[in-house]
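The structure file model-v7.csv is reproduced below (CSV, C-alpha atoms and all ligand atoms).
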chain,number,residue,atom,x,y,z
A,246,MET,CA,-41.9,-11.8,-78.5
A,247,ALA,CA,-42.2,-13.2,-82.0
A,248,PRO,CA,-41.9,-10.9,-85.0
A,249,ARG,CA,-44.6,-10.6,-87.6
A,250,PRO,CA,-44.2,-12.8,-90.7
A,251,ASP,CA,-44.3,-9.8,-93.1
A,252,SER,CA,-41.2,-8.3,-91.3
A,253,LEU,CA,-39.4,-11.6,-91.6
A,254,ALA,CA,-40.3,-12.0,-95.3
A,255,MET,CA,-39.1,-8.4,-96.0
A,256,ILE,CA,-35.7,-9.0,-94.3
A,257,ARG,CA,-35.3,-12.3,-96.2
A,258,ARG,CA,-36.0,-10.4,-99.4
A,259,LEU,CA,-33.5,-7.7,-98.7
A,260,VAL,CA,-30.7,-10.0,-97.6
A,261,ALA,CA,-31.1,-12.0,-100.9
A,262,PHE,CA,-29.7,-8.9,-102.8
A,263,ASP,CA,-25.9,-9.2,-102.6
A,264,THR,CA,-25.3,-5.5,-101.9
A,265,THR,CA,-21.7,-5.9,-100.8
A,266,SER,CA,-20.4,-2.3,-101.1
A,267,ARG,CA,-18.3,-3.1,-104.3
A,268,ASN,CA,-21.6,-4.1,-106.1
A,269,SER,CA,-24.4,-1.9,-107.4
A,270,ASN,CA,-27.4,-1.6,-105.0
A,271,LEU,CA,-29.8,-0.6,-107.8
A,272,ASP,CA,-31.7,-3.9,-107.8
A,273,LEU,CA,-32.5,-3.5,-104.2
A,274,ILE,CA,-33.4,0.2,-104.5
A,275,ALA,CA,-35.7,-0.6,-107.5
A,276,PHE,CA,-37.4,-3.3,-105.4
A,277,VAL,CA,-38.0,-0.8,-102.6
A,278,GLN,CA,-39.2,1.9,-105.0
A,279,ASP,CA,-41.7,-0.5,-106.6
A,280,TYR,CA,-42.9,-1.6,-103.2
A,281,LEU,CA,-43.4,2.0,-102.0
A,282,ASP,CA,-45.2,2.8,-105.3
A,283,GLY,CA,-47.6,0.0,-104.5
A,284,PHE,CA,-48.8,2.2,-101.5
A,285,GLY,CA,-48.9,5.4,-103.5
A,286,ILE,CA,-45.6,6.6,-101.9
A,287,LYS,CA,-43.4,8.5,-104.3
A,288,SER,CA,-39.7,8.3,-103.8
A,289,GLN,CA,-36.7,10.1,-105.1
A,290,LEU,CA,-33.4,8.4,-106.1
A,291,MET,CA,-30.1,10.2,-105.7
A,292,LYS,CA,-27.5,8.4,-107.8
A,293,ASP,CA,-23.7,8.5,-107.6
A,294,GLU,CA,-21.6,9.7,-110.5
A,295,THR,CA,-21.3,6.2,-112.0
A,296,GLY,CA,-25.1,5.8,-112.0
A,297,GLN,CA,-24.6,2.3,-110.4
A,298,LYS,CA,-25.5,3.3,-106.8
A,299,ALA,CA,-28.5,5.2,-105.5
A,300,ASN,CA,-29.9,6.5,-102.3
A,301,LEU,CA,-33.7,6.5,-101.9
A,302,TYR,CA,-35.6,9.2,-100.1
A,303,ALA,CA,-39.3,9.2,-99.6
A,304,THR,CA,-41.9,11.0,-97.5
A,305,ILE,CA,-45.0,9.3,-96.1
A,306,GLY,CA,-47.7,11.7,-95.1
A,307,PRO,CA,-47.9,15.5,-95.6
A,308,ASP,CA,-44.9,17.0,-97.5
A,309,ASP,CA,-45.4,20.6,-96.3
A,310,ARG,CA,-43.9,20.1,-92.8
A,311,ALA,CA,-41.0,18.5,-91.2
A,312,GLY,CA,-41.2,14.9,-89.8
A,313,TYR,CA,-39.0,12.2,-88.5
A,314,ALA,CA,-36.5,10.4,-90.7
A,315,LEU,CA,-35.7,6.7,-90.5
A,316,SER,CA,-32.3,6.1,-92.0
A,317,GLY,CA,-30.4,2.9,-92.9
A,318,HIS,CA,-27.7,1.9,-95.3
A,319,THR,CA,-28.4,-0.8,-97.9
A,320,ASP,CA,-24.8,-2.0,-98.4
A,321,VAL,CA,-23.1,-4.8,-96.5
A,322,VAL,CA,-19.6,-5.9,-95.8
A,323,PRO,CA,-18.0,-8.7,-97.9
A,324,VAL,CA,-18.3,-12.4,-97.0
A,325,ASP,CA,-15.0,-13.2,-98.7
A,326,GLY,CA,-12.7,-15.5,-96.7
A,327,GLN,CA,-15.3,-15.9,-94.0
A,328,ASP,CA,-16.4,-19.3,-92.9
A,329,TRP,CA,-20.2,-19.4,-93.0
A,330,ALA,CA,-22.3,-22.4,-91.8
A,331,SER,CA,-25.1,-21.4,-94.1
A,332,ASP,CA,-25.7,-19.4,-97.3
A,333,PRO,CA,-25.1,-15.7,-96.2
A,334,TRP,CA,-27.6,-14.5,-98.8
A,335,ASP,CA,-30.4,-16.9,-97.8
A,336,VAL,CA,-31.8,-16.0,-94.3
A,337,LYS,CA,-31.9,-19.0,-92.0
A,338,GLU,CA,-34.0,-19.0,-88.9
A,339,ALA,CA,-32.8,-21.1,-86.0
A,340,ASP,CA,-32.4,-20.8,-82.2
A,341,GLY,CA,-34.5,-17.7,-82.1
A,342,ARG,CA,-32.2,-15.9,-84.5
A,343,LEU,CA,-32.0,-14.9,-88.2
A,344,TYR,CA,-28.7,-15.7,-89.8
A,345,GLY,CA,-27.5,-13.9,-92.9
A,346,ARG,CA,-25.3,-11.1,-94.1
A,347,GLY,CA,-26.8,-7.8,-93.1
A,348,THR,CA,-29.4,-9.3,-90.7
A,349,THR,CA,-28.0,-7.0,-87.9
A,350,ASP,CA,-26.0,-4.5,-90.0
A,351,MET,CA,-28.6,-3.4,-91.1
A,352,LYS,CA,-31.2,-5.0,-93.3
A,353,GLY,CA,-33.0,-6.1,-90.2
A,354,PHE,CA,-33.9,-2.5,-89.4
A,355,VAL,CA,-34.6,-1.6,-93.0
A,356,GLY,CA,-36.9,-4.7,-93.4
A,357,VAL,CA,-38.9,-3.8,-90.3
A,358,VAL,CA,-39.3,-0.2,-91.5
A,359,LEU,CA,-40.5,-1.4,-94.9
A,360,ALA,CA,-42.9,-3.8,-93.3
A,361,ALA,CA,-44.4,-0.9,-91.3
A,362,VAL,CA,-45.1,1.1,-94.5
A,363,PRO,CA,-48.6,-0.4,-95.2
A,364,GLU,CA,-49.8,0.8,-91.8
A,365,LEU,CA,-48.2,4.2,-92.1
A,366,ALA,CA,-49.7,4.6,-95.6
A,367,LYS,CA,-53.2,3.7,-94.4
A,368,ARG,CA,-53.2,6.2,-91.5
A,369,GLN,CA,-53.9,9.9,-91.7
A,370,LEU,CA,-50.4,11.2,-90.7
A,371,THR,CA,-50.2,14.6,-89.0
A,372,THR,CA,-46.4,14.4,-88.9
A,373,PRO,CA,-44.6,12.9,-91.9
A,374,VAL,CA,-42.2,10.0,-91.7
A,375,HIS,CA,-39.2,10.2,-94.1
A,376,LEU,CA,-37.3,7.2,-95.3
A,377,LEU,CA,-33.6,7.5,-96.3
A,378,PHE,CA,-31.9,4.4,-97.6
A,379,SER,CA,-28.3,5.0,-98.5
A,380,TYR,CA,-25.4,3.3,-100.4
A,381,ASP,CA,-21.8,2.8,-99.5
A,382,GLU,CA,-21.9,3.4,-95.8
A,383,GLU,CA,-19.4,0.6,-95.1
A,384,VAL,CA,-16.8,2.3,-97.3
A,385,GLY,CA,-16.9,5.8,-95.8
A,386,CYS,CA,-20.5,6.9,-95.6
A,387,LEU,CA,-20.3,8.0,-99.3
A,388,GLY,CA,-24.0,7.6,-100.1
A,389,VAL,CA,-25.3,9.7,-97.3
A,390,ARG,CA,-22.9,12.5,-98.1
A,391,ARG,CA,-24.5,12.7,-101.6
A,392,ALA,CA,-28.0,12.5,-100.1
A,393,LEU,CA,-27.4,15.3,-97.6
A,394,GLU,CA,-26.2,17.6,-100.4
A,395,VAL,CA,-29.7,17.3,-101.9
A,396,ILE,CA,-31.7,17.2,-98.6
A,397,LYS,CA,-30.1,20.3,-97.1
A,398,GLU,CA,-31.6,22.3,-100.0
A,399,PHE,CA,-35.1,21.0,-99.4
A,400,PRO,CA,-37.7,23.6,-98.3
A,401,VAL,CA,-38.6,21.3,-95.5
A,402,LYS,CA,-36.1,18.8,-94.1
A,403,PRO,CA,-36.6,16.3,-91.4
A,404,LYS,CA,-36.7,17.7,-87.8
A,405,GLY,CA,-35.1,14.5,-86.4
A,406,CYS,CA,-33.6,11.3,-87.5
A,407,VAL,CA,-33.3,7.8,-86.2
A,408,ILE,CA,-30.5,5.6,-87.7
A,409,GLY,CA,-31.2,1.9,-87.2
A,410,GLU,CA,-27.6,0.7,-86.7
A,411,PRO,CA,-27.5,-2.1,-84.2
A,412,THR,CA,-27.7,-0.8,-80.6
A,413,SER,CA,-29.9,-3.6,-79.2
A,414,MET,CA,-32.7,-1.0,-79.5
A,415,LYS,CA,-31.1,1.3,-77.0
A,416,VAL,CA,-31.0,5.0,-77.7
A,417,ALA,CA,-27.5,6.1,-78.6
A,418,ILE,CA,-27.0,9.9,-78.6
A,419,ALA,CA,-23.2,10.1,-79.2
A,420,HIS,CA,-20.2,8.4,-80.8
A,421,LYS,CA,-16.7,9.3,-81.5
A,422,GLY,CA,-15.5,10.8,-84.7
A,423,LYS,CA,-12.7,9.3,-86.9
A,424,LYS,CA,-10.0,10.8,-89.0
A,425,SER,CA,-7.5,8.6,-90.7
A,426,LEU,CA,-4.5,9.5,-92.9
A,427,ARG,CA,-1.6,8.0,-94.8
A,428,CYS,CA,1.8,9.5,-94.2
A,429,HIS,CA,4.4,9.0,-96.9
A,430,VAL,CA,8.0,9.4,-95.8
A,431,HIS,CA,10.4,10.3,-98.7
A,432,GLY,CA,14.0,9.3,-97.9
A,433,LEU,CA,17.2,8.8,-99.9
A,434,GLU,CA,18.5,5.4,-100.9
A,435,CYS,CA,22.0,4.2,-100.5
A,436,HIS,CA,24.1,1.1,-99.5
A,437,SER,CA,23.5,0.4,-95.8
A,438,SER,CA,27.3,0.5,-95.1
A,439,LEU,CA,27.0,4.2,-95.9
A,440,ALA,CA,23.8,4.7,-93.8
A,441,PRO,CA,24.6,8.3,-92.7
A,442,LYS,CA,24.7,9.4,-96.3
A,443,GLY,CA,21.1,8.2,-96.9
A,444,VAL,CA,17.8,9.2,-95.4
A,445,ASN,CA,16.2,6.2,-93.8
A,446,ALA,CA,12.5,6.5,-94.5
A,447,VAL,CA,11.6,3.6,-92.2
A,448,GLU,CA,13.4,5.2,-89.3
A,449,TYR,CA,11.8,8.6,-89.7
A,450,ALA,CA,8.4,6.9,-90.0
A,451,ALA,CA,9.1,5.1,-86.7
A,452,GLU,CA,9.8,8.4,-85.1
A,453,VAL,CA,6.4,9.8,-86.2
A,454,ILE,CA,4.7,6.6,-85.2
A,455,GLY,CA,6.4,6.9,-81.8
A,456,TYR,CA,5.1,10.5,-81.5
A,457,LEU,CA,1.5,9.3,-82.3
A,458,LYS,CA,1.9,6.7,-79.6
A,459,ARG,CA,2.9,9.4,-77.1
A,460,MET,CA,-0.1,11.4,-78.1
A,461,GLY,CA,-2.3,8.4,-77.4
A,462,ARG,CA,-0.7,8.0,-74.0
A,463,ARG,CA,-1.2,11.7,-73.2
A,464,PHE,CA,-5.0,11.4,-74.0
A,465,ALA,CA,-5.2,8.3,-71.8
A,466,LYS,CA,-3.6,10.1,-68.9
A,467,GLU,CA,-4.8,13.7,-69.3
A,468,GLY,CA,-8.0,13.4,-71.2
A,469,PRO,CA,-10.3,14.9,-72.2
A,470,PHE,CA,-12.5,12.2,-70.7
A,471,ASP,CA,-16.1,11.1,-71.2
A,472,PRO,CA,-16.8,8.2,-68.8
A,473,ASP,CA,-19.9,7.2,-70.8
A,474,TYR,CA,-17.6,5.6,-73.4
A,475,ASP,CA,-16.0,2.2,-73.0
A,476,VAL,CA,-12.7,3.9,-73.8
A,477,ALA,CA,-13.2,7.2,-72.2
A,478,HIS,CA,-10.7,9.2,-74.2
A,479,THR,CA,-9.5,9.9,-77.7
A,480,THR,CA,-7.4,7.1,-79.1
A,481,VAL,CA,-4.6,7.1,-81.7
A,482,HIS,CA,-3.6,4.0,-83.6
A,483,THR,CA,-1.2,3.1,-86.4
A,484,GLY,CA,-2.5,0.1,-88.4
A,485,ILE,CA,-0.3,-0.5,-91.4
A,486,VAL,CA,3.3,0.2,-92.2
A,487,ARG,CA,5.0,-0.4,-95.5
A,488,GLY,CA,8.7,0.2,-96.2
A,489,GLY,CA,12.1,-1.2,-97.1
A,490,THR,CA,13.2,-3.6,-99.7
A,491,ALA,CA,16.4,-5.3,-98.4
A,492,LEU,CA,18.4,-5.1,-95.2
A,493,ASN,CA,21.5,-3.8,-97.1
A,494,ILE,CA,19.6,-0.9,-98.6
A,495,VAL,CA,18.7,2.3,-96.7
A,496,PRO,CA,15.0,2.5,-97.5
A,497,LYS,CA,13.9,5.4,-99.7
A,498,ASP,CA,10.2,5.0,-99.0
A,499,CYS,CA,7.9,4.3,-96.1
A,500,SER,CA,4.3,4.9,-95.6
A,501,PHE,CA,2.0,4.2,-92.7
A,502,ASP,CA,-1.7,4.5,-92.0
A,503,PHE,CA,-3.0,5.9,-88.7
A,504,GLU,CA,-6.2,7.1,-87.2
A,505,PHE,CA,-7.7,9.2,-84.5
A,506,ARG,CA,-10.9,8.1,-82.8
A,507,TYR,CA,-11.8,11.3,-81.1
A,508,LEU,CA,-14.3,12.6,-78.6
A,509,PRO,CA,-16.8,15.0,-80.1
A,510,VAL,CA,-15.3,17.8,-77.9
A,511,GLN,CA,-11.9,17.5,-79.7
A,512,ASN,CA,-11.1,19.1,-83.1
A,513,PRO,CA,-9.5,16.4,-85.4
A,514,ASP,CA,-7.7,19.1,-87.4
A,515,ASP,CA,-5.8,20.1,-84.3
A,516,LEU,CA,-4.7,16.5,-83.7
A,517,VAL,CA,-3.5,16.2,-87.3
A,518,ALA,CA,-1.8,19.6,-87.2
A,519,GLU,CA,0.1,18.5,-84.1
A,520,VAL,CA,1.6,15.4,-85.6
A,521,LYS,CA,2.5,17.2,-88.8
A,522,ARG,CA,4.2,20.0,-86.8
A,523,PHE,CA,6.3,17.4,-85.0
A,524,ALA,CA,7.4,15.8,-88.3
A,525,GLU,CA,8.1,19.1,-90.0
A,526,GLU,CA,9.8,20.9,-87.1
A,527,GLN,CA,11.6,18.1,-85.4
A,528,LEU,CA,12.6,15.8,-88.3
A,529,ALA,CA,12.3,17.4,-91.7
A,530,ALA,CA,15.3,19.8,-91.2
A,531,GLU,CA,17.6,16.9,-90.4
A,532,MET,CA,16.4,14.9,-93.4
A,533,ARG,CA,16.8,17.9,-95.8
A,534,ALA,CA,20.3,18.6,-94.5
A,535,ILE,CA,21.2,15.4,-96.4
A,536,SER,CA,18.9,15.8,-99.4
A,537,GLY,CA,16.4,18.5,-100.3
A,538,GLU,CA,14.2,16.0,-102.0
A,539,THR,CA,13.2,14.3,-98.7
A,540,GLY,CA,10.4,14.9,-96.3
A,541,PHE,CA,6.8,14.0,-95.6
A,542,SER,CA,3.5,14.1,-97.5
A,543,TRP,CA,0.1,13.4,-96.0
A,544,GLU,CA,-2.9,11.9,-97.7
A,545,PRO,CA,-6.4,11.8,-96.1
A,546,ILE,CA,-8.0,8.3,-96.1
A,547,SER,CA,-11.3,8.8,-94.5
A,548,ALA,CA,-13.2,10.7,-91.9
A,549,PHE,CA,-16.5,11.0,-90.3
A,550,PRO,CA,-17.5,13.5,-87.6
A,551,GLY,CA,-18.6,12.5,-84.1
A,552,LEU,CA,-22.2,12.5,-83.1
A,553,ASP,CA,-23.3,14.5,-80.1
A,554,THR,CA,-27.0,14.9,-79.7
A,555,ALA,CA,-28.4,16.6,-76.5
A,556,GLU,CA,-30.1,14.5,-73.9
A,557,ASP,CA,-33.1,16.9,-74.1
A,558,ALA,CA,-33.3,17.1,-77.9
A,559,GLU,CA,-36.8,16.4,-79.2
A,560,ILE,CA,-35.6,13.3,-81.1
A,561,THR,CA,-33.9,11.9,-78.0
A,562,VAL,CA,-37.0,12.3,-75.9
A,563,ILE,CA,-39.2,10.7,-78.6
A,564,ALA,CA,-36.8,7.8,-79.2
A,565,LYS,CA,-36.7,7.1,-75.4
A,566,ALA,CA,-40.5,7.1,-75.3
A,567,LEU,CA,-40.7,4.8,-78.3
A,568,THR,CA,-38.3,2.3,-76.8
A,569,GLN,CA,-39.8,2.8,-73.3
A,570,ALA,CA,-36.3,3.4,-71.9
A,571,ASN,CA,-35.2,6.0,-69.4
A,572,ASP,CA,-31.6,6.2,-70.4
A,573,THR,CA,-29.3,6.8,-73.3
A,574,ILE,CA,-26.0,5.3,-74.3
A,575,LYS,CA,-22.8,6.4,-76.2
A,576,ILE,CA,-21.4,3.9,-78.7
A,577,ALA,CA,-17.9,3.0,-79.8
A,578,PHE,CA,-18.5,2.6,-83.5
A,579,GLY,CA,-19.1,5.4,-86.0
A,580,THR,CA,-22.2,6.0,-88.1
A,581,GLU,CA,-23.7,8.4,-90.6
A,582,GLY,CA,-25.2,10.3,-87.6
A,583,GLY,CA,-22.4,12.9,-87.4
A,584,LEU,CA,-22.9,13.9,-91.0
A,585,ILE,CA,-26.7,14.1,-90.7
A,586,GLN,CA,-26.2,16.2,-87.6
A,587,GLU,CA,-24.0,18.6,-89.6
A,588,ILE,CA,-27.0,19.7,-91.6
A,589,ASP,CA,-28.9,20.5,-88.4
A,590,ILE,CA,-31.0,17.4,-88.2
A,591,PRO,CA,-30.7,16.1,-84.6
A,592,THR,CA,-30.0,12.4,-84.8
A,593,VAL,CA,-30.0,9.3,-82.6
A,594,ILE,CA,-29.0,5.7,-83.3
A,595,CYS,CA,-31.4,3.0,-82.4
A,596,GLY,CA,-31.8,-0.3,-84.1
A,597,PRO,CA,-32.2,-4.1,-83.6
A,598,GLY,CA,-29.3,-6.4,-83.0
A,599,SER,CA,-25.8,-6.0,-81.6
A,600,ILE,CA,-22.7,-4.6,-83.3
A,601,GLU,CA,-20.9,-7.6,-81.8
A,602,GLN,CA,-22.5,-9.7,-84.5
A,603,ALA,CA,-21.9,-7.3,-87.3
A,604,HIS,CA,-19.2,-7.9,-90.0
A,605,LYS,CA,-18.6,-11.5,-88.8
A,606,PRO,CA,-19.3,-14.9,-90.4
A,607,ASN,CA,-22.7,-16.2,-89.3
A,608,GLU,CA,-24.0,-12.7,-88.6
A,609,TRP,CA,-27.3,-12.9,-86.8
A,610,VAL,CA,-30.1,-10.9,-85.2
A,611,ALA,CA,-32.3,-12.1,-82.5
A,612,LEU,CA,-36.0,-12.5,-83.3
A,613,ASP,CA,-36.8,-10.7,-80.1
A,614,GLN,CA,-34.8,-7.7,-81.3
A,615,ILE,CA,-36.8,-7.6,-84.5
A,616,ALA,CA,-40.0,-7.7,-82.5
A,617,GLN,CA,-38.8,-4.8,-80.3
A,618,CYS,CA,-38.1,-2.8,-83.5
A,619,GLU,CA,-41.6,-3.5,-84.7
A,620,ALA,CA,-43.0,-2.2,-81.4
A,621,PHE,CA,-40.9,0.9,-81.8
A,622,LEU,CA,-42.3,1.6,-85.2
A,623,GLN,CA,-45.9,0.8,-84.1
A,624,ARG,CA,-45.5,3.4,-81.3
A,625,LEU,CA,-44.0,5.8,-83.9
A,626,THR,CA,-46.9,5.2,-86.2
A,627,ALA,CA,-49.4,6.0,-83.4
A,628,LYS,CA,-47.5,9.1,-82.5
A,629,VAL,CA,-47.5,10.6,-86.0
A,630,SER,CA,-51.1,9.7,-86.7
A,631,ALA,CA,-54.1,11.9,-86.3
B,1,ZN,ZN,-24.0,-0.5,-90.5
What would the structure in this file look like if it were written as structure tokens?
Amino acid sequence: MAPRPDSLAMIRRLVAFDTTSRNSNLDLIAFVQDYLDGFGIKSQLMKDETGQKANLYATIGPDDRAGYALSGHTDVVPVDGQDWASDPWDVKEADGRLYGRGTTDMKGFVGVVLAAVPELAKRQLTTPVHLLFSYDEEVGCLGVRRALEVIKEFPVKPKGCVIGEPTSMKVAIAHKGKKSLRCHVHGLECHSSLAPKGVNAVEYAAEVIGYLKRMGRRFAKEGPFDPDYDVAHTTVHTGIVRGGTALNIVPKDCSFDFEFRYLPVQNPDDLVAEVKRFAEEQLAAEMRAISGETGFSWEPISAFPGLDTAEDAEITVIAKALTQANDTIKIAFGTEGGLIQEIDIPTVICGPGSIEQAHKPNEWVALDQIAQCEAFLQRLTAKVSA
């Protein structure tokens, strides 16, 4: 299947805006707002505190009743240090693919949605379609948090949401949540020949990291399990350790970053409480016996809740019909879906392209995926029309 030229032109236009998360997305958002204006569709911007980033929210069709939201983020990950064979901001079509930063994550979806707007605007809609385009998803779902603060106060909010993150147009109803933290270990410095008179921050960090590793082993062995995931249990991982200055100095400071990727049935606060309890109860007393100034402090890095939408939720049933699929999947990567679900908007993930191609050099989306996404939106348009 070949996609329509207007979808391709729109994707090309969106990719040309360098909306790497560190940049402002206002140019792209202004372009979208103008475009929607051209079809008589009013949109609302929700800016961040710097005024340099904005979400856009719009309703096509009647505004006195709840409809279906199509949601996508407008930011992309950096291309720095990546070896690209073509200009990442200039979409190149070759081998049945579109190459460019964001083609799969996720300006492909946003472009197809925008290209469907003329038809949606022309029809007499009985159920509205809401558009939500957010900023700063790639750096912690910041934009959508801001948008949801506003949307949750609306007299009518969407009754279901489709996020177009790349799932190869399969309907994903669940993903794990993530909670990540930085632990600072405060020790006491001294000459290494007097090691027992110091408090070695690196060694205490290692004990906590070892405990995290044991927690991970326990989940792998005892569950809880959900076989629909590639990795069927909660995982624990330490990614960065910083500590020590010289071998002949007992290190005063060490910090390390760790994360839980948890099944929606688990409470992340319980997991964090468990590791803190180990540090405080098993280690801190020993440290403080040498110096009262020592111990642990904990700093949140980022978190997003898991997504867990029912198989028989209306949005699941509709998304399955629109993709003509009989089954649903659960995905390994996180999305804004858990946050949207928290304000009682049932959400599924379904978008063109594969997460395998996301965030990489020479990111691409298959033309066939774009065409499948067009078909999804055509069926949606028919469904919400009189
Ligand atoms: Zn994404």
Please, which residues in chain A fall within 8 Å of ligand ZN 1 (chain B) when counting only C-alpha atoms and all ligand atoms, and what is the closest atom pair and distance in Å to one decimal for each, ordered by chain then residue number, as JSON lines?
{"residue": "A:Gly317", "atom": "CA", "partner": "B:ZN1", "partner_atom": "ZN", "distance": 7.6}
{"residue": "A:His318", "atom": "CA", "partner": "B:ZN1", "partner_atom": "ZN", "distance": 6.5}
{"residue": "A:Val321", "atom": "CA", "partner": "B:ZN1", "partner_atom": "ZN", "distance": 7.4}
{"residue": "A:Asp350", "atom": "CA", "partner": "B:ZN1", "partner_atom": "ZN", "distance": 4.5}
{"residue": "A:Met351", "atom": "CA", "partner": "B:ZN1", "partner_atom": "ZN", "distance": 5.5}
{"residue": "A:Glu382", "atom": "CA", "partner": "B:ZN1", "partner_atom": "ZN", "distance": 6.9}
{"residue": "A:Glu383", "atom": "CA", "partner": "B:ZN1", "partner_atom": "ZN", "distance": 6.6}
{"residue": "A:Glu410", "atom": "CA", "partner": "B:ZN1", "partner_atom": "ZN", "distance": 5.4}
{"residue": "A:Pro411", "atom": "CA", "partner": "B:ZN1", "partner_atom": "ZN", "distance": 7.4}
{"residue": "A:Thr580", "atom": "CA", "partner": "B:ZN1", "partner_atom": "ZN", "distance": 7.2}
{"residue": "A:Ala603", "atom": "CA", "partner": "B:ZN1", "partner_atom": "ZN", "distance": 7.8}
Residues within 8 Å of A:Val355, all atoms listed in the file, excluding chain neighbours under 2 positions, as a list in words: Ile256, Gly317, Thr319, Met351, Lys352, Gly353, Val357, Val358, Leu359 and Gly409 of chain A
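Minimum distance to A:Gly341 across A:Asp553, A:Gln527, A:Ala616, A:Val520 (counting only C-alpha atoms) occurs at A:Ala616.
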Quick one: residues within 12 Å of A:Arg346, all atoms listed in the file counted, chain neighbours fewer than 3 positions away excluded, as JSON, numbers by chain? {"A": [256, 257, 258, 259, 260, 261, 262, 263, 264, 265, 319, 320, 321, 322, 323, 324, 325, 327, 329, 330, 331, 332, 333, 334, 335, 336, 337, 343, 349, 350, 351, 352, 353, 602, 603, 604, 605, 606, 607, 608, 609, 610]}
Can you list, as a list in words, every protein, DNA or RNA residue that comes within 10 Å of A:Lys397 when you count only C-alpha atoms, leaving out same-chain residues fewer than 5 positions away? Ala392, Lys402, Pro403, Ile585, Glu587, Ile588, Asp589 and Ile590 of chain A
Taking 5 positions as the minimum chain separation for residues in the same chain, which residues sit within 8 Å of stretch 465-467 of chain A when counting all atoms listed in the file? Answer as a ChimeraX atom specification. /A:478-480
For atom CA of A:Arg459 and atom CA of A:Phe549, quote the distance in Å rounded to one decimal. 23.5 Å
Nearest to A:Arg506, restricted to only C-alpha atoms and choosing among A:Ile563, A:Lys421, A:Leu492, A:Pro441, comes out as A:Lys421
For a test of reading the model, state the distance in Å between atom CA of A:Glu338 and atom CA of A:Gly356, rounded to one decimal. 15.3 Å
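Distances from A:Gly468, A:Gly312, A:Gly596, A:Pro513 to A:Glu559 were compared using only C-alpha atoms, and the smallest one belongs to A:Gly312.
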Excluding same-chain residues fewer than 5 positions from A:Thr573, what lies within 10 Å of it counting only C-alpha atoms, as a list in words? Lys415, Val416, Ala417, Ile418, Ala419, Asp473, Glu556, Thr561, Val562, Ala564, Lys565 and Val593 of chain A
Taking all atoms listed in the file into account, which of A:Phe578, A:Lys367, A:Ile600, A:Asp613 comes nearest A:Gly347? A:Ile600
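Distance-wise, atom CA of A:Tyr507 and atom CA of A:Gly422 end up 5.2 Å apart.
With only C-alpha atoms as the basis for measurement, A:Pro509 is the residue among A:Pro509, A:Leu516, A:Asn493, A:Lys298 that approaches A:Phe470 most closely.
The nearest approach to A:Cys386 among the residues A:Ser437, A:Lys423, A:Cys406, A:Arg463, with only C-alpha atoms taken into account, belongs to A:Lys423.
Distance cut-off 10 Å, centre (9.4, -0.6, -90.6), atoms counted all atoms listed in the file; the residues meeting this are Ala446, Val447, Glu448, Tyr449, Ala450, Ala451, Ile485, Val486, Arg487, Gly488, Gly489, Pro496, Cys499, Ser500 and Phe501 of chain A.
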Need the neighbours of (-18.2, 5.1, -76.3): which residues are at most 6 Å away, counting all atoms listed in the file, as a PyMOL selection string? chain A and resi 420+474-475+575-577
